[in-house]
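Asker: Just passing along the structure, written as structure tokens.
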Amino acid sequence: MSKFTLKERFEKTLKGEALDIVPVCSVTQTGTVELMEITEAYWPQANYNAEKMAMLALAGYEVAGFENVRCPFDTTVLAETLGCTVDEGSIDIQPYVTDFPCKSKKDVKNITVPDSLLESRRTSVVLDAVEILDENVGENVPVVAGVVGPAGLASMLAGMRNYLMWFVTNPVVVEELMGVLTDACIEYANGLFERGAHAITLIDSEAGPDIISPQMFEESVFPLYRKFCRKVKGLKVLHMCGDATAVLDPLADAGFEGISIEEKVGVSFAKEITGDRVRLIGNVSPSDTLLTKGPKAVMIEATACLEDGIDILAPGCGLAPHTPLENIKALIRARDNYFSQ
């Protein structure tokens, strides 16, 4: 038996301390249809009810075997709170934005952080769920909460077309919008820590080189990340979809303890870039492997991640709702086999 609890191992890993084995976690979404059927905590209700959200999140640990719990399961919590119209989705479709408030540049001036940010319909549910999770397992199991970052929120509040066009033609407008949104992220993240979260995952793929240039990232987004990391008191992970290789060097200096990477990023090359400045999390493919292949393929890919030096073994992004439970469990088997050799 390990001398560390799962929470201790997770925290020590993110702090760069020597450990017995690599944790197996998911710092991104963990809700699957199989887990919903086992717990009877189904989407969309589990996105809008704190008890059901906590129940489904617990199943990621108690049933699937992840060595953490993670909520919420979608990316629209702050977007809806700040003015987006959201469709609630279904059992296998996450809530998604259907309309947005910033149709023109002048609309950006109307976006502010509401005094009731932490009492909104969406944020209050996640805060309550985090508290339930902490009360149930927080002494031994890390509670991870997701927050969409300033670039991701800007693309939702302005629409992707405006977000991209303004970044080229009038980046000051996007920077103004992201500045307000960063303040909202900071307040929400600190609220989550106060209610029992042990780490925050800032999800901000729209800041990555698949969407904007590395120069745009360094000039417009990186300073906001530095501010977020200064102002948020607790362990912080940045998740970026796509090939984030081109911005890994500055990201390692932003102040995050961990960077969650997907399978487009080579782990060993990423380790060469980041060194010991930050821990890497990932990066078994959630779509090409965990969703569509079998446990043997999962174990092969997971073992390759471990051989390449991944610090926390995890899916490279959020789980697809129809990911087989046996494939998730294969991640634990791969880790245990690797460290028993």
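Identifiers for the structure tokens are assigned positionally: chains receive A, B, ... in sequence, residues are indexed from 1 per chain, and ligands are indexed from 1 in the order shown.
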Which residues, written as a list in words, have at least one atom at most 9 Å from segment 119-121 of chain A, with only C-alpha atoms counted and residues fewer than 6 positions away on the same chain left out?

Answerer: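 Selected residues are Tyr48, Val77, Glu80 and Thr81 of chain A.
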
Asker: Keeping only N, CA, C and O atoms, write those residues as a compact mmCIF listing (two decimals), in the first residue's frame.

Answerer:
```txt
# COMPACT_ATOMS: atom_id res chain seq x y z
N TYR A 48 -27.24 20.67 -13.87
CA TYR A 48 -28.02 21.76 -13.27
C TYR A 48 -28.47 21.47 -11.85
O TYR A 48 -29.15 22.29 -11.24
N VAL A 77 -20.78 27.18 -18.06
CA VAL A 77 -21.21 27.74 -16.76
C VAL A 77 -21.01 29.25 -16.70
O VAL A 77 -21.95 30.02 -16.46
N GLU A 80 -22.92 31.27 -19.71
CA GLU A 80 -24.33 31.56 -19.47
C GLU A 80 -24.47 32.65 -18.41
O GLU A 80 -25.29 33.56 -18.55
N THR A 81 -23.67 32.57 -17.37
CA THR A 81 -23.73 33.55 -16.29
C THR A 81 -23.44 34.96 -16.81
O THR A 81 -24.01 35.95 -16.32
```

Asker: As a list in words, please: the residues near Lys271 of chain A (cut-off 9 Å, only C-alpha atoms, same-chain neighbours under 6 positions excluded).

Answerer: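 The residues that qualify are Arg279, Leu280, Asp308, Gly309 and Ile310 of chain A.
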
Asker: Restricting it to all heavy atoms, dump the selection as a JSON list (two decimals), in the first residue's frame.

Answerer:
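Output file result.json follows:
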```json
[["chain", "number", "residue", "atom", "x", "y", "z"],
["A", 279, "ARG", "N", 4.43, 20.44, -14.51],
["A", 279, "ARG", "CA", 4.14, 19.03, -14.69],
["A", 279, "ARG", "C", 3.20, 18.85, -15.88],
["A", 279, "ARG", "O", 2.30, 19.66, -16.10],
["A", 279, "ARG", "CB", 3.49, 18.45, -13.44],
["A", 279, "ARG", "CG", 4.43, 17.74, -12.50],
["A", 279, "ARG", "CD", 5.71, 18.48, -12.18],
["A", 279, "ARG", "NE", 5.47, 19.73, -11.49],
["A", 279, "ARG", "CZ", 6.37, 20.70, -11.35],
["A", 279, "ARG", "NH1", 7.57, 20.58, -11.88],
["A", 279, "ARG", "NH2", 6.08, 21.78, -10.69],
["A", 280, "LEU", "N", 3.40, 17.77, -16.62],
["A", 280, "LEU", "CA", 2.58, 17.48, -17.80],
["A", 280, "LEU", "C", 1.55, 16.41, -17.49],
["A", 280, "LEU", "O", 1.85, 15.40, -16.84],
["A", 280, "LEU", "CB", 3.47, 17.02, -18.96],
["A", 280, "LEU", "CG", 4.46, 18.06, -19.50],
["A", 280, "LEU", "CD1", 5.28, 17.47, -20.63],
["A", 280, "LEU", "CD2", 3.75, 19.33, -19.94],
["A", 308, "ASP", "N", 7.39, 7.91, -21.81],
["A", 308, "ASP", "CA", 7.86, 9.21, -22.27],
["A", 308, "ASP", "C", 7.98, 10.23, -21.15],
["A", 308, "ASP", "O", 8.44, 11.35, -21.37],
["A", 308, "ASP", "CB", 6.93, 9.76, -23.36],
["A", 308, "ASP", "CG", 7.12, 9.03, -24.69],
["A", 308, "ASP", "OD1", 8.13, 8.34, -24.84],
["A", 308, "ASP", "OD2", 6.24, 9.17, -25.56],
["A", 309, "GLY", "N", 7.51, 9.85, -19.93],
["A", 309, "GLY", "CA", 7.72, 10.71, -18.78],
["A", 309, "GLY", "C", 6.54, 11.55, -18.35],
["A", 309, "GLY", "O", 6.72, 12.56, -17.64],
["A", 310, "ILE", "N", 5.32, 11.17, -18.72],
["A", 310, "ILE", "CA", 4.15, 11.94, -18.30],
["A", 310, "ILE", "C", 4.09, 11.96, -16.77],
["A", 310, "ILE", "O", 4.42, 10.98, -16.10],
["A", 310, "ILE", "CB", 2.85, 11.34, -18.89],
["A", 310, "ILE", "CG1", 1.74, 12.40, -18.92],
["A", 310, "ILE", "CG2", 2.39, 10.10, -18.14],
["A", 310, "ILE", "CD1", 1.93, 13.48, -19.93]]
```

Asker: Skipping near chain neighbours, those fewer than 4 positions away, what residues fall within 10 Å of Gly65 of chain A using only C-alpha atoms, listed as an mmCIF file with all heavy atoms, in the first residue's frame?

Answerer:
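Generated file (selection29.cif):
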```
data_model
loop_
_atom_site.group_PDB
_atom_site.id
_atom_site.type_symbol
_atom_site.label_atom_id
_atom_site.label_comp_id
_atom_site.auth_asym_id
_atom_site.auth_seq_id
_atom_site.Cartn_x
_atom_site.Cartn_y
_atom_site.Cartn_z
ATOM 1 N N VAL A 24 -3.243 8.511 -11.754
ATOM 2 C CA VAL A 24 -4.108 8.395 -12.924
ATOM 3 C C VAL A 24 -5.359 9.216 -12.654
ATOM 4 O O VAL A 24 -6.149 8.881 -11.769
ATOM 5 C CB VAL A 24 -4.495 6.926 -13.208
ATOM 6 C CG1 VAL A 24 -5.418 6.843 -14.423
ATOM 7 C CG2 VAL A 24 -3.253 6.077 -13.432
ATOM 8 N N CYS A 25 -5.510 10.300 -13.371
ATOM 9 C CA CYS A 25 -6.586 11.249 -13.085
ATOM 10 C C CYS A 25 -7.250 11.701 -14.381
ATOM 11 O O CYS A 25 -6.817 11.355 -15.478
ATOM 12 C CB CYS A 25 -6.033 12.480 -12.357
ATOM 13 S SG CYS A 25 -5.273 12.137 -10.760
ATOM 14 N N LEU A 58 -18.511 11.634 -8.488
ATOM 15 C CA LEU A 58 -17.993 10.589 -7.594
ATOM 16 C C LEU A 58 -17.816 9.263 -8.321
ATOM 17 O O LEU A 58 -16.879 8.510 -8.039
ATOM 18 C CB LEU A 58 -18.937 10.407 -6.402
ATOM 19 C CG LEU A 58 -18.761 11.348 -5.223
ATOM 20 C CD1 LEU A 58 -19.906 11.175 -4.231
ATOM 21 C CD2 LEU A 58 -17.425 11.115 -4.526
ATOM 22 N N ALA A 59 -18.702 8.985 -9.266
ATOM 23 C CA ALA A 59 -18.614 7.727 -9.999
ATOM 24 C C ALA A 59 -17.330 7.654 -10.830
ATOM 25 O O ALA A 59 -16.815 6.555 -11.072
ATOM 26 C CB ALA A 59 -19.830 7.551 -10.901
ATOM 27 N N GLY A 60 -16.807 8.787 -11.239
ATOM 28 C CA GLY A 60 -15.543 8.778 -11.958
ATOM 29 C C GLY A 60 -14.420 8.194 -11.126
ATOM 30 O O GLY A 60 -13.498 7.557 -11.650
ATOM 31 N N TYR A 61 -14.517 8.382 -9.820
ATOM 32 C CA TYR A 61 -13.542 7.812 -8.876
ATOM 33 C C TYR A 61 -13.975 6.431 -8.393
ATOM 34 O O TYR A 61 -13.225 5.450 -8.494
ATOM 35 C CB TYR A 61 -13.361 8.770 -7.698
ATOM 36 C CG TYR A 61 -12.862 8.143 -6.427
ATOM 37 C CD1 TYR A 61 -11.599 7.551 -6.369
ATOM 38 C CD2 TYR A 61 -13.656 8.131 -5.278
ATOM 39 C CE1 TYR A 61 -11.140 6.967 -5.194
ATOM 40 C CE2 TYR A 61 -13.206 7.563 -4.108
ATOM 41 C CZ TYR A 61 -11.945 6.978 -4.059
ATOM 42 O OH TYR A 61 -11.502 6.390 -2.904
ATOM 43 N N VAL A 69 -11.761 13.350 -8.289
ATOM 44 C CA VAL A 69 -13.116 13.636 -8.768
ATOM 45 C C VAL A 69 -13.068 14.973 -9.487
ATOM 46 O O VAL A 69 -12.254 15.841 -9.165
ATOM 47 C CB VAL A 69 -14.158 13.662 -7.628
ATOM 48 C CG1 VAL A 69 -14.354 12.272 -7.057
ATOM 49 C CG2 VAL A 69 -13.758 14.637 -6.515
ATOM 50 N N LEU A 325 -16.613 2.045 -20.150
ATOM 51 C CA LEU A 325 -16.065 2.023 -18.799
ATOM 52 C C LEU A 325 -14.805 1.167 -18.717
ATOM 53 O O LEU A 325 -13.835 1.521 -18.042
ATOM 54 C CB LEU A 325 -17.133 1.515 -17.829
ATOM 55 C CG LEU A 325 -16.784 1.459 -16.336
ATOM 56 C CD1 LEU A 325 -16.362 2.826 -15.816
ATOM 57 C CD2 LEU A 325 -17.978 0.926 -15.546
ATOM 58 N N ILE A 328 -11.684 3.072 -19.578
ATOM 59 C CA ILE A 328 -11.195 3.980 -18.532
ATOM 60 C C ILE A 328 -10.418 3.188 -17.487
ATOM 61 O O ILE A 328 -9.323 3.585 -17.061
ATOM 62 C CB ILE A 328 -12.372 4.741 -17.871
ATOM 63 C CG1 ILE A 328 -13.192 5.507 -18.917
ATOM 64 C CG2 ILE A 328 -11.848 5.695 -16.797
ATOM 65 C CD1 ILE A 328 -14.465 6.124 -18.369
ATOM 66 N N LYS A 329 -10.966 2.046 -17.097
ATOM 67 C CA LYS A 329 -10.298 1.212 -16.100
ATOM 68 C C LYS A 329 -8.943 0.706 -16.595
ATOM 69 O O LYS A 329 -8.038 0.445 -15.790
ATOM 70 C CB LYS A 329 -11.198 0.032 -15.713
ATOM 71 C CG LYS A 329 -12.462 0.443 -14.958
ATOM 72 C CD LYS A 329 -13.300 -0.772 -14.605
ATOM 73 C CE LYS A 329 -14.522 -0.385 -13.779
ATOM 74 N NZ LYS A 329 -15.347 -1.565 -13.397
ATOM 75 N N ALA A 330 -8.782 0.596 -17.908
ATOM 76 C CA ALA A 330 -7.520 0.131 -18.478
ATOM 77 C C ALA A 330 -6.378 1.106 -18.204
ATOM 78 O O ALA A 330 -5.207 0.711 -18.187
ATOM 79 C CB ALA A 330 -7.667 -0.112 -19.975
ATOM 80 N N LEU A 331 -6.697 2.375 -17.980
ATOM 81 C CA LEU A 331 -5.660 3.356 -17.645
ATOM 82 C C LEU A 331 -4.985 2.984 -16.326
ATOM 83 O O LEU A 331 -3.760 3.043 -16.196
ATOM 84 C CB LEU A 331 -6.268 4.761 -17.547
ATOM 85 C CG LEU A 331 -6.803 5.380 -18.835
ATOM 86 C CD1 LEU A 331 -7.574 6.654 -18.517
ATOM 87 C CD2 LEU A 331 -5.663 5.672 -19.809
ATOM 88 N N ILE A 332 -5.779 2.606 -15.340
ATOM 89 C CA ILE A 332 -5.240 2.195 -14.042
ATOM 90 C C ILE A 332 -4.399 0.926 -14.187
ATOM 91 O O ILE A 332 -3.301 0.810 -13.622
ATOM 92 C CB ILE A 332 -6.378 1.963 -13.020
ATOM 93 C CG1 ILE A 332 -7.101 3.273 -12.701
ATOM 94 C CG2 ILE A 332 -5.846 1.308 -11.755
ATOM 95 C CD1 ILE A 332 -6.340 4.203 -11.793
ATOM 96 N N ARG A 333 -4.903 -0.024 -14.970
ATOM 97 C CA ARG A 333 -4.158 -1.269 -15.160
ATOM 98 C C ARG A 333 -2.810 -1.011 -15.828
ATOM 99 O O ARG A 333 -1.802 -1.609 -15.456
ATOM 100 C CB ARG A 333 -4.982 -2.268 -15.990
ATOM 101 C CG ARG A 333 -6.211 -2.788 -15.273
ATOM 102 C CD ARG A 333 -6.596 -4.185 -15.743
ATOM 103 N NE ARG A 333 -6.721 -4.280 -17.192
ATOM 104 C CZ ARG A 333 -7.815 -3.945 -17.878
ATOM 105 N NH1 ARG A 333 -8.877 -3.457 -17.222
ATOM 106 N NH2 ARG A 333 -7.850 -4.095 -19.190
#
```

Asker: State, in Å with one decimal place, the distance from atom CA of Ile312 of chain A to atom CA of Asp243 of chain A.

Answerer: 18.5 Å

Asker: Taking the backbone alone, and naming residues the way the document does, which bits of segment 75-196 of chain A are strand (DSSP E or B) by DSSP, as JSON, numbers by chain?

Answerer: {"A": [85, 86, 87, 90, 93, 96, 97, 98, 99, 143, 144, 145, 146, 147, 148]}

Asker: Go through A:Glu176, A:Gly149, A:Glu187, A:Leu14 one by one, measure the shortest atom-to-atom distance of each to Phe256 of chain A using only C-alpha atoms, and give the residue with the smallest value.

Answerer: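 Of all the options, A:Leu14 lies closest to Phe256 of chain A.
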
Asker: Excluding segment 207-219 of chain A and its own-chain neighbours fewer than 6 positions away, which residues fall within 9 Å of it when counting only C-alpha atoms? Please give them as a VMD selection string.

Answerer: chain A and resid 149 to 152 164 167 171 240 to 247 250

Asker: Could you dump the residues just selected with N, CA and C atoms as a short mmCIF file (atom, residue, chain, number, x, y, z; two decimals), in the first residue's frame?

Answerer:
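That gives us out.cif:
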```cif
data_model
loop_
_atom_site.label_atom_id
_atom_site.label_comp_id
_atom_site.auth_asym_id
_atom_site.auth_seq_id
_atom_site.Cartn_x
_atom_site.Cartn_y
_atom_site.Cartn_z
N GLY A 149 -11.37 29.45 -19.54
CA GLY A 149 -10.49 30.61 -19.46
C GLY A 149 -10.95 31.79 -20.28
N PRO A 150 -10.19 32.89 -20.24
CA PRO A 150 -10.62 34.14 -20.88
C PRO A 150 -10.76 34.06 -22.39
N ALA A 151 -9.88 33.32 -23.06
CA ALA A 151 -9.99 33.21 -24.51
C ALA A 151 -11.21 32.38 -24.90
N GLY A 152 -11.40 31.25 -24.21
CA GLY A 152 -12.56 30.42 -24.48
C GLY A 152 -13.86 31.16 -24.23
N LEU A 164 -12.18 35.72 -33.79
CA LEU A 164 -11.04 35.59 -34.69
C LEU A 164 -10.82 36.86 -35.51
N PHE A 167 -9.48 39.70 -33.34
CA PHE A 167 -8.09 39.47 -32.95
C PHE A 167 -7.13 39.99 -34.02
N PRO A 171 -7.28 43.97 -32.06
CA PRO A 171 -7.00 43.12 -30.88
C PRO A 171 -7.27 43.80 -29.55
N MET A 240 -5.23 22.79 -22.71
CA MET A 240 -5.32 23.37 -24.05
C MET A 240 -5.43 22.25 -25.07
N CYS A 241 -6.54 22.21 -25.81
CA CYS A 241 -6.70 21.23 -26.87
C CYS A 241 -5.81 21.58 -28.05
N GLY A 242 -5.64 20.61 -28.95
CA GLY A 242 -4.85 20.84 -30.14
C GLY A 242 -3.36 20.70 -29.87
N ASP A 243 -2.58 21.10 -30.86
CA ASP A 243 -1.12 21.02 -30.73
C ASP A 243 -0.60 22.31 -30.09
N ALA A 244 -0.39 22.25 -28.79
CA ALA A 244 0.05 23.42 -28.02
C ALA A 244 1.56 23.56 -27.96
N THR A 245 2.29 22.75 -28.74
CA THR A 245 3.75 22.72 -28.64
C THR A 245 4.37 24.10 -28.76
N ALA A 246 3.86 24.92 -29.68
CA ALA A 246 4.47 26.22 -29.97
C ALA A 246 4.37 27.20 -28.81
N VAL A 247 3.48 26.96 -27.85
CA VAL A 247 3.35 27.89 -26.72
C VAL A 247 3.69 27.24 -25.38
N PRO A 250 6.37 29.48 -23.07
CA PRO A 250 5.80 30.52 -22.20
C PRO A 250 4.80 29.98 -21.20
#
```

Asker: Please identify the helix (DSSP H, G or I) residues within segment 31-264 of chain A (assignment by DSSP from backbone atoms) and present them as a count of residues only.

Answerer: 125

Asker: Which residues, written as a JSON list (two decimals) with N, CA, C and O atoms, in the first residue's frame, have at least one atom at most 12 Å from Lys105 of chain A, with only C-alpha atoms counted and residues fewer than 3 positions away on the same chain left out?

Answerer:
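Dumped to selection_8.json:
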```
[["chain", "number", "residue", "atom", "x", "y", "z"],
["A", 101, "PRO", "N", -23.90, 37.68, -26.48],
["A", 101, "PRO", "CA", -24.23, 39.10, -26.30],
["A", 101, "PRO", "C", -23.39, 40.08, -27.11],
["A", 101, "PRO", "O", -23.85, 41.19, -27.37],
["A", 102, "CYS", "N", -22.19, 39.74, -27.51],
["A", 102, "CYS", "CA", -21.30, 40.70, -28.18],
["A", 102, "CYS", "C", -21.39, 40.54, -29.69],
["A", 102, "CYS", "O", -20.53, 39.93, -30.33],
["A", 108, "VAL", "N", -18.99, 45.00, -26.29],
["A", 108, "VAL", "CA", -17.98, 44.58, -25.31],
["A", 108, "VAL", "C", -18.02, 45.46, -24.07],
["A", 108, "VAL", "O", -17.78, 44.99, -22.95],
["A", 109, "LYS", "N", -18.35, 46.74, -24.26],
["A", 109, "LYS", "CA", -18.41, 47.68, -23.13],
["A", 109, "LYS", "C", -19.46, 47.27, -22.11],
["A", 109, "LYS", "O", -19.39, 47.67, -20.94],
["A", 110, "ASN", "N", -20.44, 46.49, -22.53],
["A", 110, "ASN", "CA", -21.54, 46.10, -21.63],
["A", 110, "ASN", "C", -21.23, 44.86, -20.80],
["A", 110, "ASN", "O", -22.02, 44.49, -19.94],
["A", 111, "ILE", "N", -20.10, 44.24, -21.06],
["A", 111, "ILE", "CA", -19.75, 43.02, -20.33],
["A", 111, "ILE", "C", -19.00, 43.39, -19.05],
["A", 111, "ILE", "O", -17.93, 44.01, -19.09],
["A", 154, "ALA", "N", -14.25, 34.44, -24.31],
["A", 154, "ALA", "CA", -14.38, 35.51, -25.31],
["A", 154, "ALA", "C", -14.95, 34.96, -26.61],
["A", 154, "ALA", "O", -15.79, 35.60, -27.25],
["A", 157, "LEU", "N", -18.71, 34.54, -25.88],
["A", 157, "LEU", "CA", -19.47, 35.77, -25.71],
["A", 157, "LEU", "C", -19.52, 36.63, -26.97],
["A", 157, "LEU", "O", -20.46, 37.40, -27.16],
["A", 158, "ALA", "N", -18.51, 36.50, -27.83],
["A", 158, "ALA", "CA", -18.49, 37.27, -29.08],
["A", 158, "ALA", "C", -18.80, 36.42, -30.30],
["A", 158, "ALA", "O", -18.98, 36.96, -31.40],
["A", 159, "GLY", "N", -18.86, 35.11, -30.11],
["A", 159, "GLY", "CA", -18.96, 34.22, -31.26],
["A", 159, "GLY", "C", -17.58, 34.00, -31.86],
["A", 159, "GLY", "O", -16.75, 34.91, -31.86],
["A", 162, "ASN", "N", -16.42, 36.57, -34.70],
["A", 162, "ASN", "CA", -15.99, 37.88, -34.20],
["A", 162, "ASN", "C", -14.68, 37.77, -33.44],
["A", 162, "ASN", "O", -13.79, 38.62, -33.60],
["A", 163, "TYR", "N", -14.57, 36.75, -32.63],
["A", 163, "TYR", "CA", -13.35, 36.55, -31.84],
["A", 163, "TYR", "C", -12.12, 36.51, -32.74],
["A", 163, "TYR", "O", -11.13, 37.21, -32.50],
["A", 165, "MET", "N", -11.91, 37.44, -36.00],
["A", 165, "MET", "CA", -11.79, 38.64, -36.84],
["A", 165, "MET", "C", -11.26, 39.82, -36.04],
["A", 165, "MET", "O", -10.36, 40.54, -36.48],
["A", 166, "TRP", "N", -11.78, 40.01, -34.82],
["A", 166, "TRP", "CA", -11.33, 41.13, -34.00],
["A", 166, "TRP", "C", -9.89, 40.95, -33.55],
["A", 166, "TRP", "O", -9.16, 41.93, -33.40],
["A", 167, "PHE", "N", -9.48, 39.70, -33.34],
["A", 167, "PHE", "CA", -8.09, 39.47, -32.95],
["A", 167, "PHE", "C", -7.13, 39.99, -34.02],
["A", 167, "PHE", "O", -6.04, 40.46, -33.71],
["A", 169, "THR", "N", -8.13, 42.36, -36.64],
["A", 169, "THR", "CA", -8.39, 43.75, -37.05],
["A", 169, "THR", "C", -8.37, 44.74, -35.89],
["A", 169, "THR", "O", -8.07, 45.92, -36.09],
["A", 170, "ASN", "N", -8.71, 44.28, -34.69],
["A", 170, "ASN", "CA", -8.79, 45.20, -33.54],
["A", 170, "ASN", "C", -8.53, 44.43, -32.25],
["A", 170, "ASN", "O", -9.43, 44.23, -31.44],
["A", 171, "PRO", "N", -7.28, 43.97, -32.06],
["A", 171, "PRO", "CA", -7.00, 43.12, -30.88],
["A", 171, "PRO", "C", -7.27, 43.80, -29.55],
["A", 171, "PRO", "O", -7.52, 43.11, -28.56],
["A", 172, "VAL", "N", -7.28, 45.12, -29.52],
["A", 172, "VAL", "CA", -7.55, 45.83, -28.27],
["A", 172, "VAL", "C", -8.94, 45.48, -27.73],
["A", 172, "VAL", "O", -9.15, 45.37, -26.52],
["A", 173, "VAL", "N", -9.90, 45.32, -28.64],
["A", 173, "VAL", "CA", -11.27, 44.98, -28.24],
["A", 173, "VAL", "C", -11.30, 43.60, -27.59],
["A", 173, "VAL", "O", -11.93, 43.41, -26.54],
["A", 174, "VAL", "N", -10.62, 42.65, -28.20],
["A", 174, "VAL", "CA", -10.57, 41.30, -27.63],
["A", 174, "VAL", "C", -9.84, 41.33, -26.29],
["A", 174, "VAL", "O", -10.26, 40.67, -25.33],
["A", 175, "GLU", "N", -8.76, 42.09, -26.20],
["A", 175, "GLU", "CA", -8.02, 42.18, -24.95],
["A", 175, "GLU", "C", -8.87, 42.80, -23.85],
["A", 175, "GLU", "O", -8.81, 42.38, -22.69],
["A", 176, "GLU", "N", -9.68, 43.80, -24.22],
["A", 176, "GLU", "CA", -10.59, 44.42, -23.24],
["A", 176, "GLU", "C", -11.59, 43.40, -22.73],
["A", 176, "GLU", "O", -11.84, 43.29, -21.52],
["A", 177, "LEU", "N", -12.18, 42.64, -23.66],
["A", 177, "LEU", "CA", -13.15, 41.62, -23.28],
["A", 177, "LEU", "C", -12.50, 40.54, -22.41],
["A", 177, "LEU", "O", -13.03, 40.18, -21.35]]
```

Asker: Using only C-alpha atoms, determine which residues lie at most 10 Å from segment 17-20 of chain A, disregarding the query and same-chain residues fewer than 4 positions distant; provide the list as a list in words.

Answerer: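 That gives Ser2, Lys3, Phe4, Glu8, Arg9, Phe10, Glu11, Lys12, Thr13 and Phe339 of chain A.
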
Asker: Keeping only N, CA and C atoms, write the selected residues to a file as a compact mmCIF listing (two decimals), in the first residue's frame.

Answerer:
```txt
# COMPACT_ATOMS: atom_id res chain seq x y z
N SER A 2 0.40 2.28 -0.71
CA SER A 2 1.15 3.53 -0.76
C SER A 2 1.07 4.25 0.58
N LYS A 3 2.13 4.97 0.88
CA LYS A 3 2.12 5.76 2.12
C LYS A 3 1.39 7.07 1.91
N PHE A 4 0.99 7.36 0.67
CA PHE A 4 0.29 8.61 0.36
C PHE A 4 -1.18 8.35 0.09
N GLU A 8 -2.80 13.42 -1.47
CA GLU A 8 -1.40 13.77 -1.22
C GLU A 8 -0.54 13.50 -2.46
N ARG A 9 -0.77 12.36 -3.10
CA ARG A 9 0.03 12.03 -4.28
C ARG A 9 -0.21 13.04 -5.40
N PHE A 10 -1.47 13.41 -5.60
CA PHE A 10 -1.82 14.39 -6.63
C PHE A 10 -1.15 15.73 -6.36
N GLU A 11 -1.27 16.19 -5.13
CA GLU A 11 -0.71 17.50 -4.78
C GLU A 11 0.81 17.49 -4.86
N LYS A 12 1.43 16.43 -4.38
CA LYS A 12 2.89 16.33 -4.43
C LYS A 12 3.39 16.27 -5.88
N THR A 13 2.64 15.57 -6.71
CA THR A 13 3.02 15.50 -8.13
C THR A 13 3.02 16.89 -8.75
N PHE A 339 4.44 0.10 -13.19
CA PHE A 339 5.22 0.30 -11.97
C PHE A 339 5.47 -0.99 -11.18
```

Asker: List as a PyMOL selection string the protein and nucleic acid residues near Tyr338 of chain A, meaning an atom at most 8 Å away when only C-alpha atoms are counted, but skip any in the same chain fewer than 4 places from it.

Answerer: chain A and resi 303+306+334

Asker: Selection from above, N, CA and C atoms, as a PDB file, in the first residue's frame, can you write it?

Answerer:
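Now in part20.pdb:
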```pdb
ATOM      1  N   THR A 303       0.887   3.208 -21.659  1.00  0.00           N
ATOM      2  CA  THR A 303       2.259   2.801 -21.323  1.00  0.00           C
ATOM      3  C   THR A 303       3.273   3.667 -22.052  1.00  0.00           C
ATOM      4  N   LEU A 306       3.644   6.874 -20.193  1.00  0.00           N
ATOM      5  CA  LEU A 306       4.462   6.690 -18.993  1.00  0.00           C
ATOM      6  C   LEU A 306       5.938   6.571 -19.355  1.00  0.00           C
ATOM      7  N   ALA A 334      -2.808  -0.121 -16.778  1.00  0.00           N
ATOM      8  CA  ALA A 334      -1.550   0.201 -17.472  1.00  0.00           C
ATOM      9  C   ALA A 334      -0.546   0.803 -16.505  1.00  0.00           C
TER      10      ALA A 334
END
```

Asker: Counting only C-alpha atoms, which residue out of A:Ser205, A:Thr292, A:Ser155, A:Asn47 sits closest to Asp87 of chain A?

Answerer: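 Selected residue with least distance to Asp87 of chain A: A:Asn47.
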
Asker: Under the rule that only C-alpha atoms are counted, which of A:Val284, A:Val147, A:Ala302, A:Val130 is the nearest residue to Phe228 of chain A?

Answerer: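 Result for the nearest residue to Phe228 of chain A: A:Val147.
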
Asker: Using only C-alpha atoms, which of the listed residues (A:Ala50, A:Ala57, A:Val168, A:Val278) sits closest to Arg122 of chain A?

Answerer: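 Result for the nearest residue to Arg122 of chain A: A:Ala50.
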